[in-house]
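Novice: Supplied structure: model-v6.pdb, PDB, C-alpha atoms.
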MODEL        1
ATOM      1  CA  MET Z1117      57.819   6.167  22.228  1.00  0.00           C
ATOM      2  CA  LYS Z1118      55.480   7.932  19.847  1.00  0.00           C
ATOM      3  CA  ALA Z1119      51.890   6.680  19.764  1.00  0.00           C
ATOM      4  CA  LYS Z1120      52.200   5.871  16.069  1.00  0.00           C
ATOM      5  CA  GLU Z1121      55.058   3.474  16.920  1.00  0.00           C
ATOM      6  CA  SER Z1122      53.051   1.496  19.475  1.00  0.00           C
ATOM      7  CA  LEU Z1123      51.844  -2.015  18.798  1.00  0.00           C
ATOM      8  CA  PHE Z1124      48.345  -0.744  19.641  1.00  0.00           C
ATOM      9  CA  ASN Z1125      48.319   2.322  17.365  1.00  0.00           C
ATOM     10  CA  GLY Z1126      45.430   0.920  15.311  1.00  0.00           C
ATOM     11  CA  CYS Z1127      43.185   0.525  18.356  1.00  0.00           C
ATOM     12  CA  LEU Z1128      40.515   3.166  19.007  1.00  0.00           C
ATOM     13  CA  TYR Z1129      40.625   2.514  22.756  1.00  0.00           C
ATOM     14  CA  PHE Z1130      44.418   2.869  22.992  1.00  0.00           C
ATOM     15  CA  SER Z1131      44.677   5.913  20.767  1.00  0.00           C
ATOM     16  CA  SER Z1132      41.774   7.823  22.308  1.00  0.00           C
ATOM     17  CA  SER Z1133      42.892   6.991  25.865  1.00  0.00           C
ATOM     18  CA  ALA Z1134      46.475   8.062  25.197  1.00  0.00           C
ATOM     19  CA  LEU Z1135      45.278  11.361  23.738  1.00  0.00           C
ATOM     20  CA  SER Z1136      42.799  11.848  26.567  1.00  0.00           C
ATOM     21  CA  ARG Z1137      45.550  11.490  29.174  1.00  0.00           C
ATOM     22  CA  LYS Z1138      47.685  14.128  27.432  1.00  0.00           C
ATOM     23  CA  VAL Z1139      44.777  16.558  27.084  1.00  0.00           C
ATOM     24  CA  GLU Z1140      43.742  15.951  30.707  1.00  0.00           C
ATOM     25  CA  LYS Z1141      47.260  16.784  31.902  1.00  0.00           C
ATOM     26  CA  MET Z1142      47.271  20.040  29.914  1.00  0.00           C
ATOM     27  CA  ALA Z1143      43.833  20.972  31.237  1.00  0.00           C
ATOM     28  CA  GLU Z1144      44.769  20.173  34.846  1.00  0.00           C
ATOM     29  CA  GLU Z1145      47.868  22.354  34.556  1.00  0.00           C
ATOM     30  CA  SER Z1146      45.782  25.233  33.212  1.00  0.00           C
ATOM     31  CA  TRP Z1147      43.126  25.011  35.930  1.00  0.00           C
ATOM     32  CA  LYS Z1148      45.294  24.229  38.963  1.00  0.00           C
ATOM     33  CA  LYS Z1149      46.175  27.885  39.578  1.00  0.00           C
ATOM     34  CA  ILE Z1150      42.597  28.416  40.782  1.00  0.00           C
ATOM     35  CA  GLY Z1151      42.414  25.096  42.614  1.00  0.00           C
ATOM     36  CA  LEU Z1152      39.834  23.418  40.394  1.00  0.00           C
ATOM     37  CA  ALA Z1153      39.883  20.238  38.397  1.00  0.00           C
ATOM     38  CA  PRO Z1154      38.767  20.754  34.783  1.00  0.00           C
ATOM     39  CA  SER Z1155      35.478  18.905  35.328  1.00  0.00           C
ATOM     40  CA  HIS Z1156      34.681  21.134  38.318  1.00  0.00           C
ATOM     41  CA  ALA Z1157      35.542  24.237  36.316  1.00  0.00           C
ATOM     42  CA  TYR Z1158      33.271  23.308  33.410  1.00  0.00           C
ATOM     43  CA  LEU Z1159      30.396  22.471  35.758  1.00  0.00           C
ATOM     44  CA  LEU Z1160      30.900  25.755  37.584  1.00  0.00           C
ATOM     45  CA  THR Z1161      30.937  27.616  34.267  1.00  0.00           C
ATOM     46  CA  LEU Z1162      27.510  26.148  33.492  1.00  0.00           C
ATOM     47  CA  ALA Z1163      26.185  27.175  36.905  1.00  0.00           C
ATOM     48  CA  ILE Z1164      27.488  30.726  36.481  1.00  0.00           C
ATOM     49  CA  THR Z1165      26.287  31.201  32.926  1.00  0.00           C
ATOM     50  CA  GLU Z1166      22.934  29.476  33.553  1.00  0.00           C
ATOM     51  CA  PRO Z1167      21.984  30.062  37.218  1.00  0.00           C
ATOM     52  CA  GLY Z1168      19.407  27.517  38.355  1.00  0.00           C
ATOM     53  CA  ILE Z1169      20.485  24.967  35.769  1.00  0.00           C
ATOM     54  CA  GLN Z1170      19.105  21.503  36.452  1.00  0.00           C
ATOM     55  CA  ALA Z1171      21.560  18.790  37.445  1.00  0.00           C
ATOM     56  CA  GLY Z1172      20.222  16.642  34.597  1.00  0.00           C
ATOM     57  CA  GLU Z1173      21.042  19.357  32.076  1.00  0.00           C
ATOM     58  CA  ILE Z1174      24.557  19.600  33.518  1.00  0.00           C
ATOM     59  CA  ALA Z1175      24.948  15.837  33.037  1.00  0.00           C
ATOM     60  CA  GLU Z1176      23.844  16.175  29.409  1.00  0.00           C
ATOM     61  CA  GLN Z1177      26.087  19.163  28.710  1.00  0.00           C
ATOM     62  CA  LEU Z1178      29.162  17.538  30.269  1.00  0.00           C
ATOM     63  CA  GLN Z1179      28.236  14.062  28.986  1.00  0.00           C
ATOM     64  CA  LEU Z1180      28.684  12.554  32.436  1.00  0.00           C
ATOM     65  CA  THR Z1181      26.457  10.272  34.489  1.00  0.00           C
ATOM     66  CA  PRO Z1182      24.071  11.808  37.032  1.00  0.00           C
ATOM     67  CA  SER Z1183      25.973  10.145  39.894  1.00  0.00           C
ATOM     68  CA  THR Z1184      29.225  11.748  38.719  1.00  0.00           C
ATOM     69  CA  ILE Z1185      27.495  15.129  38.504  1.00  0.00           C
ATOM     70  CA  THR Z1186      26.205  14.684  42.063  1.00  0.00           C
ATOM     71  CA  ARG Z1187      29.759  14.054  43.318  1.00  0.00           C
ATOM     72  CA  LEU Z1188      31.111  17.060  41.418  1.00  0.00           C
ATOM     73  CA  ILE Z1189      28.371  19.314  42.798  1.00  0.00           C
ATOM     74  CA  GLN Z1190      29.071  18.073  46.335  1.00  0.00           C
ATOM     75  CA  LYS Z1191      32.739  19.032  45.971  1.00  0.00           C
ATOM     76  CA  LEU Z1192      31.796  22.481  44.691  1.00  0.00           C
ATOM     77  CA  GLU Z1193      29.351  22.893  47.591  1.00  0.00           C
ATOM     78  CA  GLU Z1194      32.139  22.023  50.038  1.00  0.00           C
ATOM     79  CA  LYS Z1195      34.211  24.811  48.477  1.00  0.00           C
ATOM     80  CA  LYS Z1196      31.184  27.129  48.773  1.00  0.00           C
ATOM     81  CA  LEU Z1197      31.102  27.691  45.020  1.00  0.00           C
ATOM     82  CA  VAL Z1198      27.552  26.435  44.335  1.00  0.00           C
ATOM     83  CA  VAL Z1199      24.329  25.792  46.190  1.00  0.00           C
ATOM     84  CA  ARG Z1200      21.739  23.169  45.361  1.00  0.00           C
ATOM     85  CA  ILE Z1201      18.044  23.746  45.715  1.00  0.00           C
ATOM     86  CA  SER Z1202      15.690  20.810  45.368  1.00  0.00           C
ATOM     87  CA  GLU Z1203      12.235  21.313  43.945  1.00  0.00           C
ATOM     88  CA  GLY Z1204      10.555  17.933  44.113  1.00  0.00           C
ATOM     89  CA  LYS Z1205      12.703  15.545  42.112  1.00  0.00           C
ATOM     90  CA  THR Z1206      14.469  18.401  40.353  1.00  0.00           C
ATOM     91  CA  THR Z1207      17.776  19.746  41.611  1.00  0.00           C
ATOM     92  CA  LEU Z1208      18.736  23.267  40.603  1.00  0.00           C
ATOM     93  CA  VAL Z1209      22.314  24.492  40.853  1.00  0.00           C
ATOM     94  CA  TYR Z1210      23.178  28.114  41.547  1.00  0.00           C
ATOM     95  CA  PRO Z1211      26.548  29.854  41.727  1.00  0.00           C
ATOM     96  CA  THR Z1212      27.605  31.677  44.869  1.00  0.00           C
ATOM     97  CA  ALA Z1213      29.088  35.164  45.012  1.00  0.00           C
ATOM     98  CA  LYS Z1214      32.454  33.498  45.582  1.00  0.00           C
ATOM     99  CA  SER Z1215      32.213  31.561  42.316  1.00  0.00           C
ATOM    100  CA  ARG Z1216      30.997  34.584  40.345  1.00  0.00           C
ATOM    101  CA  SER Z1217      34.048  36.530  41.549  1.00  0.00           C
ATOM    102  CA  LEU Z1218      36.256  33.636  40.402  1.00  0.00           C
ATOM    103  CA  PHE Z1219      34.753  33.618  36.899  1.00  0.00           C
ATOM    104  CA  PRO Z1220      37.252  36.045  35.259  1.00  0.00           C
ATOM    105  CA  LYS Z1221      40.146  33.871  36.464  1.00  0.00           C
ATOM    106  CA  MET Z1222      38.312  30.788  35.185  1.00  0.00           C
ATOM    107  CA  GLN Z1223      38.077  32.394  31.768  1.00  0.00           C
ATOM    108  CA  GLU Z1224      41.821  33.119  31.893  1.00  0.00           C
ATOM    109  CA  CYS Z1225      42.467  29.429  32.623  1.00  0.00           C
ATOM    110  CA  LEU Z1226      40.265  28.388  29.716  1.00  0.00           C
ATOM    111  CA  ASN Z1227      42.062  30.824  27.412  1.00  0.00           C
ATOM    112  CA  GLU Z1228      45.436  29.507  28.597  1.00  0.00           C
ATOM    113  CA  PHE Z1229      44.325  25.933  27.915  1.00  0.00           C
ATOM    114  CA  TYR Z1230      43.135  26.910  24.441  1.00  0.00           C
ATOM    115  CA  GLU Z1231      46.425  28.703  23.724  1.00  0.00           C
ATOM    116  CA  ARG Z1232      48.429  25.690  24.913  1.00  0.00           C
ATOM    117  CA  TYR Z1233      46.828  23.173  22.613  1.00  0.00           C
ATOM    118  CA  THR Z1234      46.436  25.491  19.628  1.00  0.00           C
ATOM    119  CA  SER Z1235      50.101  26.433  19.873  1.00  0.00           C
ATOM    120  CA  VAL Z1236      50.889  22.754  19.283  1.00  0.00           C
ATOM    121  CA  LEU Z1237      48.127  21.768  16.872  1.00  0.00           C
ATOM    122  CA  GLY Z1238      47.349  25.106  15.226  1.00  0.00           C
ATOM    123  CA  LYS Z1239      44.011  26.903  15.450  1.00  0.00           C
ATOM    124  CA  ASP Z1240      42.541  25.528  12.228  1.00  0.00           C
ATOM    125  CA  GLU Z1241      43.670  21.966  12.924  1.00  0.00           C
ATOM    126  CA  SER Z1242      42.353  22.196  16.491  1.00  0.00           C
ATOM    127  CA  ALA Z1243      38.939  23.383  15.330  1.00  0.00           C
ATOM    128  CA  ARG Z1244      38.783  20.684  12.631  1.00  0.00           C
ATOM    129  CA  PHE Z1245      39.876  17.999  15.101  1.00  0.00           C
ATOM    130  CA  ILE Z1246      37.261  19.031  17.677  1.00  0.00           C
ATOM    131  CA  ARG Z1247      34.521  19.011  15.018  1.00  0.00           C
ATOM    132  CA  ASN Z1248      35.608  15.513  13.948  1.00  0.00           C
ATOM    133  CA  LEU Z1249      35.724  14.310  17.553  1.00  0.00           C
ATOM    134  CA  ASN Z1250      32.199  15.573  18.151  1.00  0.00           C
ATOM    135  CA  THR Z1251      30.949  13.900  14.983  1.00  0.00           C
ATOM    136  CA  LEU Z1252      32.539  10.578  15.963  1.00  0.00           C
ATOM    137  CA  ASN Z1253      31.336  10.899  19.549  1.00  0.00           C
ATOM    138  CA  ASP Z1254      27.763  11.392  18.348  1.00  0.00           C
ATOM    139  CA  LYS Z1255      28.016   8.325  16.102  1.00  0.00           C
ATOM    140  CA  LEU Z1256      29.178   6.109  18.956  1.00  0.00           C
TER     141      LEU Z1256
ENDMDL
END
Step by step, read the file and then write its structure as structure tokens.
Specialist:
Amino acid sequence: MKAKESLFNGCLYFSSSALSRKVEKMAEESWKKIGLAPSHAYLLTLAITEPGIQAGEIAEQLQLTPSTITRLIQKLEEKKLVVRISEGKTTLVYPTAKSRSLFPKMQECLNEFYERYTSVLGKDESARFIRNLNTLNDKL
């Protein structure tokens, strides 16, 4: 059944959740070849591009709770992809050599994900949709 045919098609919760599940599946398929969940990959990208980034900044960038960020960082530490250094109450996150060597493949996964959804939605429509999503997200 198409989403527009559902009894709940006028509900923000239903429509956004249904879309989120489809996007999550596409993202997971793109990232699985390097063994990372999308949320881990985006966090790792921040650590690589901004070595020593604070955990709080990661939470803001990814729009996730600090406790979720802590769990994600722990998983990446277990895989030896990041290290945490505490300075007082501040936690800094650094990439490891292993994660830096993985970065080109991570970029390939991101490009594949982008190509997958833009091939369906179109590049202009995708960009417009993302801008609108960000605007609505900021309003809520």
Novice: Please report the interatomic distance between CA of Lys1149 (chain Z) and CA of Tyr1233 (chain Z) in Å with one decimal.
Specialist: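 Separating CA of Lys1149 (chain Z) from CA of Tyr1233 (chain Z) is a distance of 17.6 Å.
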Novice: Near Ile1164 (chain Z), within 8 Å and counting all atoms listed in the file, which residues show up once chain neighbours fewer than 2 positions away are dropped, as a tab-separated table (two decimals) with C-alpha atoms, in the frame of the given file?
Specialist:
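And here's around_16.tsv as it stands now:
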chain	number	residue	atom	x	y	z
Z	1160	LEU	CA	30.90	25.76	37.58
Z	1161	THR	CA	30.94	27.62	34.27
Z	1162	LEU	CA	27.51	26.15	33.49
Z	1166	GLU	CA	22.93	29.48	33.55
Z	1167	PRO	CA	21.98	30.06	37.22
Z	1210	TYR	CA	23.18	28.11	41.55
Z	1211	PRO	CA	26.55	29.85	41.73
Z	1215	SER	CA	32.21	31.56	42.32
Z	1216	ARG	CA	31.00	34.58	40.34
Z	1219	PHE	CA	34.75	33.62	36.90
Novice: Find the residue from Z:Ser1183, Z:Ser1235, Z:Ser1242, Z:Gln1223 that sits nearest to Tyr1158 (chain Z); use all atoms listed in the file when measuring.
Specialist: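 Result for the nearest residue to Tyr1158 (chain Z): Z:Gln1223.
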Novice: Within 12 Å of Glu1224 (chain Z), counting all atoms listed in the file, which residues show up once you throw out same-chain ones fewer than 6 positions away? Write them as a ChimeraX atom specification, please.
Specialist: /Z:1146-1150,1157,1218,1230-1231
Novice: So that I have them on file, write out the residues from the current selection with C-alpha atoms, as a compact mmCIF listing (two decimals), in the coordinates of the input.
Specialist:
# COMPACT_ATOMS: atom_id res chain seq x y z
CA SER Z 1146 45.78 25.23 33.21
CA TRP Z 1147 43.13 25.01 35.93
CA LYS Z 1148 45.29 24.23 38.96
CA LYS Z 1149 46.18 27.88 39.58
CA ILE Z 1150 42.60 28.42 40.78
CA ALA Z 1157 35.54 24.24 36.32
CA LEU Z 1218 36.26 33.64 40.40
CA TYR Z 1230 43.14 26.91 24.44
CA GLU Z 1231 46.42 28.70 23.72
Novice: Quick one: distance from CA of Ile1185 (chain Z) to CA of Thr1165 (chain Z) in Å, one decimal?
Specialist: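 Computing the Euclidean distance for CA of Ile1185 (chain Z) and CA of Thr1165 (chain Z) yields 17.1 Å.
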Novice: Which one is closest to Ile1174 (chain Z): Z:Ser1155, Z:Ser1132, Z:Asn1248, Z:Thr1234? Count all atoms listed in the file.
Specialist: Z:Ser1155
Novice: With the file shown as input, list the residues that the PyMOL selection byres ((chain Z and resi 1209) around 6) selects, as a VMD selection string.
Specialist: chain Z and resid 1168 to 1169 1199 to 1200 1208 1210
Novice: Write the selection just made, keeping C-alpha atoms, as an mmCIF file, in the frame of the given file?
Specialist:
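That gives us result-v8.cif:
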data_model
loop_
_atom_site.group_PDB
_atom_site.id
_atom_site.type_symbol
_atom_site.label_atom_id
_atom_site.label_comp_id
_atom_site.auth_asym_id
_atom_site.auth_seq_id
_atom_site.Cartn_x
_atom_site.Cartn_y
_atom_site.Cartn_z
ATOM 1 C CA GLY Z 1168 19.407 27.517 38.355
ATOM 2 C CA ILE Z 1169 20.485 24.967 35.769
ATOM 3 C CA VAL Z 1199 24.329 25.792 46.190
ATOM 4 C CA ARG Z 1200 21.739 23.169 45.361
ATOM 5 C CA LEU Z 1208 18.736 23.267 40.603
ATOM 6 C CA TYR Z 1210 23.178 28.114 41.547
#
Novice: For Leu1159 (chain Z), which of Z:Leu1192, Z:Met1142, Z:Cys1225, Z:Leu1256 is the closest residue, counting only C-alpha atoms?
Specialist: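 For Leu1159 (chain Z), the nearest of the given residues is Z:Leu1192.
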Novice: Need the neighbours of (28.9, 12.0, 22.8): which residues are at most 10 Å away, counting all atoms listed in the file, as a list in words?
Specialist: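 So the residues meeting the distance criterion are Glu1176, Gln1177, Leu1178, Gln1179, Leu1180, Leu1249, Asn1250, Thr1251, Leu1252, Asn1253, Asp1254, Lys1255 and Leu1256 of chain Z.
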Novice: What is the distance, in Å and to one decimal place, between CA of Asp1240 (chain Z) and CA of Glu1228 (chain Z)?
Specialist: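 According to the coordinates, CA of Asp1240 (chain Z) and CA of Glu1228 (chain Z) are separated by 17.1 Å.
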Novice: Using only C-alpha atoms, which of Z:Ser1136, Z:Ser1202, Z:His1156, Z:Glu1241 sits nearest Thr1184 (chain Z)?
Specialist: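 Of the candidates, the smallest distance to Thr1184 (chain Z) is held by Z:His1156.
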Novice: Pick from Z:Lys1196, Z:Lys1118, Z:Arg1232, Z:Arg1244: nearest to Glu1145 (chain Z), with only C-alpha atoms counted?
Specialist: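 Closest candidate: Z:Arg1232.
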Novice: Grab all the atoms of region 1162-1178 of chain Z that the file lists, wrap them in a box along x, y and z, add 6 Å per side, and give me centre plus edge lengths in Å (one decimal) as JSON.
Specialist:
{"center_x": 24.1, "center_y": 23.5, "center_z": 33.5, "size_x": 22.1, "size_y": 27.4, "size_z": 21.6}
Novice: Between Z:Thr1206, Z:Phe1229, Z:Ser1217, Z:Lys1239, which one has atoms that come closest to Glu1140 (chain Z), using all atoms listed in the file?
Specialist: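 Closest residue, counting all atoms listed in the file: Z:Phe1229.
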Novice: If I only have part of region 1142-1176 of chain Z, can you fill in N, CA and C atoms and write it as a PDB file, in the coordinates of the input?
Specialist:
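Saved result, selection.pdb, follows:
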ATOM      1  N   MET Z1142      47.213  18.625  30.305  1.00  0.00           N
ATOM      2  CA  MET Z1142      47.271  20.040  29.914  1.00  0.00           C
ATOM      3  C   MET Z1142      46.167  20.838  30.595  1.00  0.00           C
ATOM      4  N   ALA Z1143      44.970  20.280  30.621  1.00  0.00           N
ATOM      5  CA  ALA Z1143      43.833  20.972  31.237  1.00  0.00           C
ATOM      6  C   ALA Z1143      44.062  21.135  32.739  1.00  0.00           C
ATOM      7  N   GLU Z1144      44.515  20.090  33.399  1.00  0.00           N
ATOM      8  CA  GLU Z1144      44.769  20.173  34.846  1.00  0.00           C
ATOM      9  C   GLU Z1144      45.799  21.251  35.161  1.00  0.00           C
ATOM     10  N   GLU Z1145      46.842  21.332  34.340  1.00  0.00           N
ATOM     11  CA  GLU Z1145      47.868  22.354  34.556  1.00  0.00           C
ATOM     12  C   GLU Z1145      47.293  23.756  34.391  1.00  0.00           C
ATOM     13  N   SER Z1146      46.386  23.919  33.443  1.00  0.00           N
ATOM     14  CA  SER Z1146      45.782  25.233  33.212  1.00  0.00           C
ATOM     15  C   SER Z1146      44.856  25.645  34.346  1.00  0.00           C
ATOM     16  N   TRP Z1147      44.130  24.700  34.906  1.00  0.00           N
ATOM     17  CA  TRP Z1147      43.126  25.011  35.930  1.00  0.00           C
ATOM     18  C   TRP Z1147      43.673  24.987  37.352  1.00  0.00           C
ATOM     19  N   LYS Z1148      44.838  24.394  37.578  1.00  0.00           N
ATOM     20  CA  LYS Z1148      45.294  24.229  38.963  1.00  0.00           C
ATOM     21  C   LYS Z1148      45.586  25.550  39.666  1.00  0.00           C
ATOM     22  N   LYS Z1149      45.868  26.594  38.933  1.00  0.00           N
ATOM     23  CA  LYS Z1149      46.175  27.885  39.578  1.00  0.00           C
ATOM     24  C   LYS Z1149      44.979  28.466  40.322  1.00  0.00           C
ATOM     25  N   ILE Z1150      43.763  27.972  40.010  1.00  0.00           N
ATOM     26  CA  ILE Z1150      42.597  28.416  40.782  1.00  0.00           C
ATOM     27  C   ILE Z1150      42.051  27.289  41.653  1.00  0.00           C
ATOM     28  N   GLY Z1151      42.777  26.186  41.708  1.00  0.00           N
ATOM     29  CA  GLY Z1151      42.414  25.096  42.614  1.00  0.00           C
ATOM     30  C   GLY Z1151      41.212  24.281  42.191  1.00  0.00           C
ATOM     31  N   LEU Z1152      40.956  24.211  40.888  1.00  0.00           N
ATOM     32  CA  LEU Z1152      39.834  23.418  40.394  1.00  0.00           C
ATOM     33  C   LEU Z1152      40.303  22.382  39.385  1.00  0.00           C
ATOM     34  N   ALA Z1153      39.679  21.231  39.444  1.00  0.00           N
ATOM     35  CA  ALA Z1153      39.883  20.238  38.397  1.00  0.00           C
ATOM     36  C   ALA Z1153      39.091  20.706  37.179  1.00  0.00           C
ATOM     37  N   PRO Z1154      39.499  20.314  35.977  1.00  0.00           N
ATOM     38  CA  PRO Z1154      38.767  20.754  34.783  1.00  0.00           C
ATOM     39  C   PRO Z1154      37.274  20.432  34.834  1.00  0.00           C
ATOM     40  N   SER Z1155      36.902  19.264  35.286  1.00  0.00           N
ATOM     41  CA  SER Z1155      35.478  18.905  35.328  1.00  0.00           C
ATOM     42  C   SER Z1155      34.709  19.813  36.276  1.00  0.00           C
ATOM     43  N   HIS Z1156      35.320  20.195  37.391  1.00  0.00           N
ATOM     44  CA  HIS Z1156      34.681  21.134  38.318  1.00  0.00           C
ATOM     45  C   HIS Z1156      34.534  22.508  37.664  1.00  0.00           C
ATOM     46  N   ALA Z1157      35.566  22.919  36.950  1.00  0.00           N
ATOM     47  CA  ALA Z1157      35.542  24.237  36.316  1.00  0.00           C
ATOM     48  C   ALA Z1157      34.453  24.326  35.246  1.00  0.00           C
ATOM     49  N   TYR Z1158      34.301  23.281  34.448  1.00  0.00           N
ATOM     50  CA  TYR Z1158      33.271  23.308  33.410  1.00  0.00           C
ATOM     51  C   TYR Z1158      31.873  23.273  34.025  1.00  0.00           C
ATOM     52  N   LEU Z1159      31.690  22.489  35.073  1.00  0.00           N
ATOM     53  CA  LEU Z1159      30.396  22.471  35.758  1.00  0.00           C
ATOM     54  C   LEU Z1159      30.100  23.846  36.349  1.00  0.00           C
ATOM     55  N   LEU Z1160      31.081  24.435  36.981  1.00  0.00           N
ATOM     56  CA  LEU Z1160      30.900  25.755  37.584  1.00  0.00           C
ATOM     57  C   LEU Z1160      30.597  26.804  36.520  1.00  0.00           C
ATOM     58  N   THR Z1161      31.223  26.697  35.374  1.00  0.00           N
ATOM     59  CA  THR Z1161      30.937  27.616  34.267  1.00  0.00           C
ATOM     60  C   THR Z1161      29.464  27.532  33.869  1.00  0.00           C
ATOM     61  N   LEU Z1162      28.933  26.310  33.801  1.00  0.00           N
ATOM     62  CA  LEU Z1162      27.510  26.148  33.492  1.00  0.00           C
ATOM     63  C   LEU Z1162      26.638  26.795  34.554  1.00  0.00           C
ATOM     64  N   ALA Z1163      26.984  26.605  35.818  1.00  0.00           N
ATOM     65  CA  ALA Z1163      26.185  27.175  36.905  1.00  0.00           C
ATOM     66  C   ALA Z1163      26.221  28.704  36.882  1.00  0.00           C
ATOM     67  N   ILE Z1164      27.357  29.262  36.524  1.00  0.00           N
ATOM     68  CA  ILE Z1164      27.488  30.726  36.481  1.00  0.00           C
ATOM     69  C   ILE Z1164      26.758  31.305  35.277  1.00  0.00           C
ATOM     70  N   THR Z1165      26.896  30.657  34.143  1.00  0.00           N
ATOM     71  CA  THR Z1165      26.287  31.201  32.926  1.00  0.00           C
ATOM     72  C   THR Z1165      24.798  30.884  32.814  1.00  0.00           C
ATOM     73  N   GLU Z1166      24.352  29.848  33.552  1.00  0.00           N
ATOM     74  CA  GLU Z1166      22.934  29.476  33.553  1.00  0.00           C
ATOM     75  C   GLU Z1166      22.474  29.214  34.988  1.00  0.00           C
ATOM     76  N   PRO Z1167      22.385  30.263  35.817  1.00  0.00           N
ATOM     77  CA  PRO Z1167      21.984  30.062  37.218  1.00  0.00           C
ATOM     78  C   PRO Z1167      20.654  29.314  37.313  1.00  0.00           C
ATOM     79  N   GLY Z1168      20.613  28.327  38.197  1.00  0.00           N
ATOM     80  CA  GLY Z1168      19.407  27.517  38.355  1.00  0.00           C
ATOM     81  C   GLY Z1168      19.341  26.366  37.367  1.00  0.00           C
ATOM     82  N   ILE Z1169      20.449  26.077  36.721  1.00  0.00           N
ATOM     83  CA  ILE Z1169      20.485  24.967  35.769  1.00  0.00           C
ATOM     84  C   ILE Z1169      20.184  23.660  36.500  1.00  0.00           C
ATOM     85  N   GLN Z1170      19.438  22.789  35.854  1.00  0.00           N
ATOM     86  CA  GLN Z1170      19.105  21.503  36.452  1.00  0.00           C
ATOM     87  C   GLN Z1170      20.311  20.567  36.375  1.00  0.00           C
ATOM     88  N   ALA Z1171      20.457  19.745  37.403  1.00  0.00           N
ATOM     89  CA  ALA Z1171      21.560  18.790  37.445  1.00  0.00           C
ATOM     90  C   ALA Z1171      21.529  17.873  36.227  1.00  0.00           C
ATOM     91  N   GLY Z1172      20.343  17.489  35.778  1.00  0.00           N
ATOM     92  CA  GLY Z1172      20.222  16.642  34.597  1.00  0.00           C
ATOM     93  C   GLY Z1172      20.750  17.316  33.342  1.00  0.00           C
ATOM     94  N   GLU Z1173      20.523  18.602  33.219  1.00  0.00           N
ATOM     95  CA  GLU Z1173      21.042  19.357  32.076  1.00  0.00           C
ATOM     96  C   GLU Z1173      22.565  19.438  32.146  1.00  0.00           C
ATOM     97  N   ILE Z1174      23.105  19.589  33.351  1.00  0.00           N
ATOM     98  CA  ILE Z1174      24.557  19.600  33.518  1.00  0.00           C
ATOM     99  C   ILE Z1174      25.132  18.265  33.054  1.00  0.00           C
ATOM    100  N   ALA Z1175      24.488  17.176  33.454  1.00  0.00           N
ATOM    101  CA  ALA Z1175      24.948  15.837  33.037  1.00  0.00           C
ATOM    102  C   ALA Z1175      24.944  15.721  31.516  1.00  0.00           C
ATOM    103  N   GLU Z1176      23.904  16.231  30.880  1.00  0.00           N
ATOM    104  CA  GLU Z1176      23.844  16.175  29.409  1.00  0.00           C
ATOM    105  C   GLU Z1176      24.930  17.031  28.786  1.00  0.00           C
TER     106      GLU Z1176
END
